[in-house]
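Participant: My questions will all concern the structure given below.
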Amino acid sequence: MLTIAAILASLVFFGWLFYRAIKQKPVRAHTVTRVIAYVTCIYTFTFFLTMDIPQLIKILASIILGAVLIVIAAYIQRRRQMTKS
C-alpha cells in the first residue's frame with residue numbers, strides 16, 4: 001500500500017512540474033526541495049517497513065533517516081542561496 005502511495009506521489013510531483021513547465025510558471029526551489037523530501041520520506045518509510053526487523057525499530061529508523069534527508073536538502077539549498085548573493 002505504501003509503495004503505491006510513493007509511486008503515485010512521484011507521478012503527481014512530476015505531473016505538477018510538467019504542468020508548470022507547459023504554462024511557463026515559475027517554480028520555487030524550496031517547494032521542489034520540500035516535495036522531494038516528502039516523497040523520499042515515503043520511499044524510506046516503505047523500504048524500512050518491508051525489512052525483516054521489529055516494527056518499532058523500522059519506524060524509528062525511517063523517521064530519523066527522513067529527518068536527516070530533509071536537513072541535508074535544507075543545507076544544500078541554503079548553501080546555494082548564499083553563493084548567489
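Numbering starts fresh at 1 for the residues of each chain in the C-alpha cells, the chains themselves are lettered A, B, ... in the order given, and ligands are numbered from 1 as they appear.
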Leaving out Ser10 of chain A and any residue of its chain fewer than 2 positions from it, which residues lie within 10 Å of it when counting only C-alpha atoms, given as an NGL selection string?

Facilitator: :A and (4-8 or 12-16 or 35-36 or 38-40 or 42-43)

Participant: What would the file look like if the residues just selected were written as an mmCIF file, in the first residue's frame with N, CA and C atoms?

Facilitator:
data_model
loop_
_atom_site.group_PDB
_atom_site.id
_atom_site.type_symbol
_atom_site.label_atom_id
_atom_site.label_comp_id
_atom_site.auth_asym_id
_atom_site.auth_seq_id
_atom_site.Cartn_x
_atom_site.Cartn_y
_atom_site.Cartn_z
ATOM 1 N N ILE A 4 2.525 1.935 -3.367
ATOM 2 C CA ILE A 4 1.612 2.577 -4.312
ATOM 3 C C ILE A 4 1.503 4.065 -4.009
ATOM 4 N N ALA A 5 1.441 4.420 -2.729
ATOM 5 C CA ALA A 5 1.370 5.836 -2.349
ATOM 6 C C ALA A 5 2.630 6.581 -2.783
ATOM 7 N N ALA A 6 3.794 5.960 -2.622
ATOM 8 C CA ALA A 6 5.045 6.600 -3.023
ATOM 9 C C ALA A 6 5.117 6.785 -4.532
ATOM 10 N N ILE A 7 4.698 5.785 -5.265
ATOM 11 C CA ILE A 7 4.712 5.885 -6.731
ATOM 12 C C ILE A 7 3.731 6.946 -7.200
ATOM 13 N N LEU A 8 2.545 6.967 -6.626
ATOM 14 C CA LEU A 8 1.564 7.991 -7.003
ATOM 15 C C LEU A 8 2.051 9.392 -6.644
ATOM 16 N N VAL A 12 2.508 12.333 -9.352
ATOM 17 C CA VAL A 12 1.820 13.617 -9.182
ATOM 18 C C VAL A 12 2.839 14.758 -9.189
ATOM 19 N N PHE A 13 3.964 14.554 -8.522
ATOM 20 C CA PHE A 13 5.000 15.586 -8.489
ATOM 21 C C PHE A 13 5.533 15.900 -9.878
ATOM 22 N N PHE A 14 5.878 14.859 -10.626
ATOM 23 C CA PHE A 14 6.390 15.094 -11.977
ATOM 24 C C PHE A 14 5.316 15.658 -12.897
ATOM 25 N N GLY A 15 4.076 15.246 -12.713
ATOM 26 C CA GLY A 15 2.979 15.825 -13.485
ATOM 27 C C GLY A 15 2.810 17.302 -13.174
ATOM 28 N N TRP A 16 2.930 17.658 -11.900
ATOM 29 C CA TRP A 16 2.818 19.058 -11.497
ATOM 30 C C TRP A 16 3.943 19.893 -12.100
ATOM 31 N N VAL A 35 8.973 18.952 -1.635
ATOM 32 C CA VAL A 35 8.229 17.833 -2.212
ATOM 33 C C VAL A 35 9.136 16.619 -2.391
ATOM 34 N N ILE A 36 10.351 16.843 -2.845
ATOM 35 C CA ILE A 36 11.293 15.726 -2.997
ATOM 36 C C ILE A 36 11.572 15.086 -1.634
ATOM 37 N N TYR A 38 9.513 15.004 0.943
ATOM 38 C CA TYR A 38 8.320 14.247 1.335
ATOM 39 C C TYR A 38 8.248 12.908 0.605
ATOM 40 N N VAL A 39 8.485 12.925 -0.693
ATOM 41 C CA VAL A 39 8.433 11.678 -1.476
ATOM 42 C C VAL A 39 9.535 10.732 -1.008
ATOM 43 N N THR A 40 10.711 11.277 -0.725
ATOM 44 C CA THR A 40 11.803 10.449 -0.230
ATOM 45 C C THR A 40 11.458 9.820 1.114
ATOM 46 N N ILE A 42 8.485 8.994 2.119
ATOM 47 C CA ILE A 42 7.535 7.909 1.863
ATOM 48 C C ILE A 42 8.273 6.670 1.372
ATOM 49 N N TYR A 43 9.227 6.847 0.435
ATOM 50 C CA TYR A 43 10.011 5.709 -0.046
ATOM 51 C C TYR A 43 10.831 5.085 1.079
#

Participant: I need the residue nearest Ala9 of chain A from this list: A:Ile70, A:Val27, A:Cys41, A:Ile22. Use only C-alpha atoms for the distance.

Facilitator: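 Checking each of A:Ile70, A:Val27, A:Cys41, A:Ile22 against Ala9 of chain A, counting only C-alpha atoms, the winner is A:Cys41.
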
Participant: State, in Å with one decimal place, the distance from atom CA of Thr44 of chain A to atom CA of Leu11 of chain A.

Facilitator: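 Going from atom CA of Thr44 of chain A over to atom CA of Leu11 of chain A covers 16.8 Å.
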
Participant: Determine which residues of chain A receive a DSSP assignment of helix (DSSP H, G or I), computed from the backbone, and state them as number ranges by chain.

Facilitator: A: 2-22, 29-49, 55-84

Participant: Produce a file of the selected residues containing C-alpha atoms, as a compact mmCIF listing (two decimals), in the first residue's frame.

Facilitator:
# COMPACT_ATOMS: atom_id res chain seq x y z
CA LEU A 2 2.78 2.44 0.89
CA THR A 3 4.65 1.56 -2.29
CA ILE A 4 1.61 2.58 -4.31
CA ALA A 5 1.37 5.84 -2.35
CA ALA A 6 5.04 6.60 -3.02
CA ILE A 7 4.71 5.89 -6.73
CA LEU A 8 1.56 7.99 -7.00
CA ALA A 9 3.23 10.84 -5.10
CA SER A 10 6.16 10.73 -7.52
CA LEU A 11 3.87 10.73 -10.54
CA VAL A 12 1.82 13.62 -9.18
CA PHE A 13 5.00 15.59 -8.49
CA PHE A 14 6.39 15.09 -11.98
CA GLY A 15 2.98 15.83 -13.49
CA TRP A 16 2.82 19.06 -11.50
CA LEU A 17 6.30 20.07 -12.67
CA PHE A 18 5.36 19.25 -16.27
CA TYR A 19 2.15 21.30 -15.97
CA ARG A 20 4.08 24.26 -14.57
CA ALA A 21 6.60 23.99 -17.42
CA ILE A 22 3.86 23.98 -20.07
CA ALA A 29 13.41 25.89 -5.31
CA HIS A 30 12.24 25.39 -1.74
CA THR A 31 8.91 23.97 -2.96
CA VAL A 32 10.65 21.40 -5.14
CA THR A 33 13.06 20.52 -2.34
CA ARG A 34 10.23 20.08 0.14
CA VAL A 35 8.23 17.83 -2.21
CA ILE A 36 11.29 15.73 -3.00
CA ALA A 37 11.92 15.35 0.75
CA TYR A 38 8.32 14.25 1.33
CA VAL A 39 8.43 11.68 -1.48
CA THR A 40 11.80 10.45 -0.23
CA CYS A 41 10.36 10.02 3.27
CA ILE A 42 7.54 7.91 1.86
CA TYR A 43 10.01 5.71 -0.05
CA THR A 44 12.22 5.41 3.04
CA PHE A 45 9.27 4.51 5.25
CA THR A 46 8.18 1.88 2.71
CA PHE A 47 11.70 0.45 2.48
CA PHE A 48 12.10 0.06 6.24
CA LEU A 49 8.66 -1.43 6.73
CA GLN A 55 8.40 -2.73 13.65
CA LEU A 56 9.41 -0.17 16.28
CA ILE A 57 12.98 -0.10 15.00
CA LYS A 58 11.68 0.24 11.43
CA ILE A 59 9.55 3.24 12.30
CA LEU A 60 12.27 4.97 14.32
CA ALA A 61 14.89 4.39 11.63
CA SER A 62 12.62 5.71 8.86
CA ILE A 63 11.76 8.84 10.87
CA ILE A 64 15.42 9.53 11.63
CA LEU A 65 16.54 8.90 8.06
CA GLY A 66 13.76 11.11 6.72
CA ALA A 67 14.77 13.91 9.08
CA VAL A 68 18.41 13.58 8.03
CA LEU A 69 17.45 13.80 4.35
CA ILE A 70 15.38 16.93 5.00
CA VAL A 71 18.25 18.56 6.88
CA ILE A 72 20.69 17.73 4.07
CA ALA A 73 18.32 19.19 1.47
CA ALA A 74 17.87 22.37 3.52
CA TYR A 75 21.64 22.72 3.99
CA ILE A 76 22.30 22.34 0.26
CA GLN A 77 19.59 24.85 -0.58
CA ARG A 78 20.91 27.40 1.93
CA ARG A 79 24.45 27.00 0.65
CA ARG A 80 23.30 27.60 -2.94
CA GLN A 81 21.38 30.73 -1.92
CA MET A 82 24.45 32.10 -0.13
CA THR A 83 26.60 31.66 -3.24
CA LYS A 84 24.06 33.59 -5.36
